[in-house]
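These notes concern the structure reproduced below.
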Amino acid sequence: MDATESSKLSDGIDAPMWMFWKRRRYVLVFLAFFGFFNVYSLRVNLSVAIVAMTENRTIEHPNGTISYEQEFAWDSTTKGYILSSFFYGYIFTQLLGGYISNALGGNYVFGVGVGVTAVLTLLTPLAAHGGFGWLITVRAVEGFFEGVTFPCIHAIWSKWAPPSERSRMATLAFSGVFTGTVASMLLSGVLADTLGWEWVFYILGAFGCVWFLAWMVIVKKSPEVDPYITTKEKEFILATLQRSAATTEKVKHPWRGILTSKAVWALIVSSFSENWGFYTLLTQLPTFLRDTMHFELQAAGILSALPW
């Protein structure tokens, strides 16, 4: 059933759409929003925190002399390895994420991907004090688990999103990406400047763990196995997706047509180019603003958030 046909059906819920808690599919969207909020807040926090970790601090001694010291005396090359290490793991699970989610359930894979990243974020200060090799390892493992999030969310939409609402649901959920980026940039600068850089990881990691518990308890694999969804909403979703509770269909993908499509390759090239610039700014802008433009830490965090 296409979007036009599915828009003619009703879920039987007498409540406006903004009352998302009345519809289980929009409870999922609400939690997915904060899932992607966590995905990016946990990804970019180090970009700001590393500025505080490596900046020269002024030390005034009892005899009146002044000296300068760095908590971590990492040169620009080492910082580059650390900031890019997240993507060492991230690249390996982009393709695997979709297959794993089909086998185990997109809700489980998405939840575990973000949850493990949150736990590792809590361990980041310990890893940093253990040496930059440990920090690189922790960040690479974080990337490995976060790599499944975008592929497996589409497996979730395939079970929960009526065609007429799919764009809306995906847009609302994916807006968490930029909200999380902005919030993390702003909050990381303030936390590092007031409480210390370690609290950037403790607070954002703790929020991610709370989200993980809520997601695993509330979100189910599909409407058929959700005990809290109304019968009318379940029937509405199944009808628009043209499947019954007993249906188990095997989809045959037209790989030859996909791989030879000019439109597909145009999307690949444009997405690659956009991501190159996006992630360069995401990882390097706070350091550039502090080291080259000589902005204070909080100002660097605020300015880094502006493009998003």
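Ordering of the structure tokens sets the chain letters (A, B, ...); residue numbers start at 1 within each chain; ligands are numbered from 1 in the order shown.
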
Selection: 12 Å around Phe33 of chain A, only C-alpha atoms, excl. self and same-chain fewer than 4 positions, as a ChimeraX atom specification: /A:26-29,37-40,153,169-180,211,215

Those selected residues, please, written with C-alpha atoms and delivered as a short mmCIF file (atom, residue, chain, number, x, y, z; two decimals), in the first residue's frame.
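Contents of again_18.cif, freshly written:
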```
data_model
loop_
_atom_site.label_atom_id
_atom_site.label_comp_id
_atom_site.auth_asym_id
_atom_site.auth_seq_id
_atom_site.Cartn_x
_atom_site.Cartn_y
_atom_site.Cartn_z
CA TYR A 26 5.17 7.95 18.20
CA VAL A 27 6.41 6.90 21.61
CA LEU A 28 8.98 4.98 19.57
CA VAL A 29 9.75 8.13 17.54
CA PHE A 37 20.54 12.72 20.44
CA ASN A 38 22.76 10.35 22.42
CA VAL A 39 24.44 8.97 19.29
CA TYR A 40 25.80 12.40 18.42
CA ILE A 153 16.69 2.20 12.48
CA MET A 169 8.56 9.77 11.71
CA ALA A 170 12.06 9.56 10.25
CA THR A 171 12.47 13.34 10.17
CA LEU A 172 11.43 13.73 13.80
CA ALA A 173 13.78 10.95 14.91
CA PHE A 174 16.76 12.10 12.83
CA SER A 175 16.42 15.68 14.10
CA GLY A 176 17.94 14.30 17.29
CA VAL A 177 21.26 14.20 15.41
CA PHE A 178 21.57 17.98 15.19
CA THR A 179 19.89 18.62 18.54
CA GLY A 180 22.39 16.30 20.20
CA TRP A 211 17.89 6.30 27.85
CA TRP A 215 14.33 2.10 25.29
#
```

Residues of segment 144-233 of chain A in helix (DSSP H, G or I), written as an mmCIF file with C-alpha atoms, in the first residue's frame:
```
data_model
loop_
_atom_site.group_PDB
_atom_site.id
_atom_site.type_symbol
_atom_site.label_atom_id
_atom_site.label_comp_id
_atom_site.auth_asym_id
_atom_site.auth_seq_id
_atom_site.Cartn_x
_atom_site.Cartn_y
_atom_site.Cartn_z
ATOM 1 C CA PHE A 144 32.005 -0.009 16.311
ATOM 2 C CA PHE A 145 28.801 -0.122 18.367
ATOM 3 C CA GLU A 146 27.436 3.190 17.115
ATOM 4 C CA THR A 149 22.428 2.678 14.669
ATOM 5 C CA PHE A 150 21.617 4.237 11.298
ATOM 6 C CA PRO A 151 21.284 0.946 9.356
ATOM 7 C CA CYS A 152 19.094 -0.731 11.982
ATOM 8 C CA ILE A 153 16.694 2.197 12.478
ATOM 9 C CA HIS A 154 15.399 1.479 8.977
ATOM 10 C CA ALA A 155 14.563 -2.050 10.082
ATOM 11 C CA ILE A 156 12.506 -0.460 12.864
ATOM 12 C CA TRP A 157 10.662 1.822 10.408
ATOM 13 C CA SER A 158 9.857 -1.179 8.238
ATOM 14 C CA LYS A 159 7.913 -2.677 11.149
ATOM 15 C CA TRP A 160 6.375 0.457 12.670
ATOM 16 C CA ARG A 166 7.270 7.348 7.281
ATOM 17 C CA SER A 167 8.876 10.650 6.241
ATOM 18 C CA ARG A 168 7.452 12.450 9.265
ATOM 19 C CA MET A 169 8.560 9.768 11.710
ATOM 20 C CA ALA A 170 12.063 9.557 10.249
ATOM 21 C CA THR A 171 12.475 13.343 10.167
ATOM 22 C CA LEU A 172 11.433 13.727 13.799
ATOM 23 C CA ALA A 173 13.781 10.954 14.914
ATOM 24 C CA PHE A 174 16.764 12.102 12.826
ATOM 25 C CA SER A 175 16.415 15.678 14.104
ATOM 26 C CA GLY A 176 17.939 14.302 17.287
ATOM 27 C CA VAL A 177 21.259 14.201 15.405
ATOM 28 C CA PHE A 178 21.568 17.983 15.195
ATOM 29 C CA THR A 179 19.893 18.615 18.543
ATOM 30 C CA GLY A 180 22.389 16.296 20.199
ATOM 31 C CA THR A 181 25.302 17.908 18.384
ATOM 32 C CA VAL A 182 24.312 21.427 19.439
ATOM 33 C CA ALA A 183 23.520 20.424 23.022
ATOM 34 C CA SER A 184 26.766 18.479 23.397
ATOM 35 C CA MET A 185 28.891 21.294 21.984
ATOM 36 C CA LEU A 186 27.274 23.858 24.283
ATOM 37 C CA LEU A 187 27.160 21.671 27.384
ATOM 38 C CA SER A 188 30.641 20.203 26.982
ATOM 39 C CA GLY A 189 32.269 23.630 27.000
ATOM 40 C CA VAL A 190 30.378 24.693 30.124
ATOM 41 C CA LEU A 191 30.995 21.419 31.996
ATOM 42 C CA ALA A 192 34.693 21.298 31.139
ATOM 43 C CA ASP A 193 35.157 24.919 32.209
ATOM 44 C CA THR A 194 33.217 24.688 35.472
ATOM 45 C CA GLU A 198 35.825 14.440 33.130
ATOM 46 C CA TRP A 199 32.241 15.535 33.826
ATOM 47 C CA VAL A 200 31.591 15.932 30.114
ATOM 48 C CA PHE A 201 31.794 12.153 29.846
ATOM 49 C CA TYR A 202 30.154 11.338 33.177
ATOM 50 C CA ILE A 203 26.997 13.388 32.626
ATOM 51 C CA LEU A 204 26.454 12.591 28.945
ATOM 52 C CA GLY A 205 27.309 8.929 29.523
ATOM 53 C CA ALA A 206 24.872 8.691 32.444
ATOM 54 C CA PHE A 207 22.088 10.229 30.330
ATOM 55 C CA GLY A 208 22.779 7.643 27.636
ATOM 56 C CA CYS A 209 22.508 4.805 30.175
ATOM 57 C CA VAL A 210 19.131 6.101 31.432
ATOM 58 C CA TRP A 211 17.892 6.298 27.845
ATOM 59 C CA PHE A 212 19.068 2.725 27.202
ATOM 60 C CA LEU A 213 16.987 1.363 30.083
ATOM 61 C CA ALA A 214 13.885 3.250 28.905
ATOM 62 C CA TRP A 215 14.333 2.095 25.290
ATOM 63 C CA MET A 216 14.809 -1.581 26.138
ATOM 64 C CA VAL A 217 11.763 -1.630 28.421
ATOM 65 C CA ILE A 218 9.352 0.356 26.227
ATOM 66 C CA PRO A 223 3.431 -3.966 16.776
ATOM 67 C CA GLU A 224 2.541 -7.664 16.836
ATOM 68 C CA VAL A 225 4.575 -8.258 20.018
ATOM 69 C CA THR A 231 -5.791 -3.261 18.766
ATOM 70 C CA LYS A 232 -6.914 -0.524 16.357
ATOM 71 C CA GLU A 233 -3.445 1.027 16.078
#
```

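Of the residues under consideration (A:His294, A:Arg256, A:Lys234, A:Lys262), A:Lys234 shows the shortest atom-to-atom contact distance to Arg24 of chain A when counting only C-alpha atoms.
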
What is the atom CA of Leu83 of chain A to atom CA of Trp265 of chain A distance in Å? 29.0 Å

Measure the distance from atom CA of Gln70 of chain A to atom CA of Met53 of chain A in Å and round it to one decimal.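 Answer for the atom CA of Gln70 of chain A to atom CA of Met53 of chain A separation: 7.4 Å.
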
Looking at A:Lys22, A:Arg43, A:Arg139, A:Lys221, which one is nearest to Tyr108 of chain A, with distances taken over only C-alpha atoms?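 With only C-alpha atoms as the atom set, the closest residue is A:Lys221.
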
Pick out the residues sitting within 10 Å of Leu126 of chain A, and hand them over as number ranges by chain; count only C-alpha atoms, and ignore anything fewer than 6 positions along from it in its own chain. A: 120, 134-135, 198

Would you export the selected residues with all heavy atoms as an mmCIF file, in the first residue's frame, please?
```cif
data_model
loop_
_atom_site.group_PDB
_atom_site.id
_atom_site.type_symbol
_atom_site.label_atom_id
_atom_site.label_comp_id
_atom_site.auth_asym_id
_atom_site.auth_seq_id
_atom_site.Cartn_x
_atom_site.Cartn_y
_atom_site.Cartn_z
ATOM 1 N N LEU A 120 30.874 2.996 27.699
ATOM 2 C CA LEU A 120 32.269 3.288 27.352
ATOM 3 C C LEU A 120 32.588 4.769 27.526
ATOM 4 O O LEU A 120 33.727 5.128 27.854
ATOM 5 C CB LEU A 120 32.541 2.853 25.909
ATOM 6 C CG LEU A 120 32.538 1.346 25.663
ATOM 7 C CD1 LEU A 120 32.661 1.043 24.174
ATOM 8 C CD2 LEU A 120 33.674 0.667 26.430
ATOM 9 N N TRP A 134 44.934 3.568 25.115
ATOM 10 C CA TRP A 134 43.676 3.086 25.690
ATOM 11 C C TRP A 134 42.500 3.949 25.245
ATOM 12 O O TRP A 134 41.415 3.445 24.966
ATOM 13 C CB TRP A 134 43.759 3.070 27.214
ATOM 14 C CG TRP A 134 44.516 1.904 27.761
ATOM 15 C CD1 TRP A 134 45.768 1.917 28.300
ATOM 16 C CD2 TRP A 134 44.069 0.547 27.809
ATOM 17 N NE1 TRP A 134 46.145 0.650 28.682
ATOM 18 C CE2 TRP A 134 45.115 -0.214 28.392
ATOM 19 C CE3 TRP A 134 42.908 -0.105 27.415
ATOM 20 C CZ2 TRP A 134 45.007 -1.589 28.595
ATOM 21 C CZ3 TRP A 134 42.791 -1.485 27.622
ATOM 22 C CH2 TRP A 134 43.835 -2.199 28.202
ATOM 23 N N LEU A 135 42.746 5.252 25.196
ATOM 24 C CA LEU A 135 41.680 6.166 24.766
ATOM 25 C C LEU A 135 41.282 5.898 23.315
ATOM 26 O O LEU A 135 40.089 5.872 22.979
ATOM 27 C CB LEU A 135 42.137 7.617 24.932
ATOM 28 C CG LEU A 135 41.128 8.705 24.530
ATOM 29 C CD1 LEU A 135 39.813 8.542 25.280
ATOM 30 C CD2 LEU A 135 41.715 10.090 24.784
ATOM 31 N N GLU A 198 36.345 15.788 32.885
ATOM 32 C CA GLU A 198 35.825 14.440 33.130
ATOM 33 C C GLU A 198 34.294 14.410 33.175
ATOM 34 O O GLU A 198 33.662 13.426 32.753
ATOM 35 C CB GLU A 198 36.365 13.889 34.454
ATOM 36 C CG GLU A 198 37.863 13.667 34.474
ATOM 37 C CD GLU A 198 38.632 14.851 35.030
ATOM 38 O OE1 GLU A 198 38.034 15.958 35.060
ATOM 39 O OE2 GLU A 198 39.800 14.692 35.417
#
```

Quick check, in Å to one decimal: how far apart do atom CA of Thr137 of chain A and atom CA of Ser84 of chain A lie?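 Those two atoms sit 11.2 Å apart.
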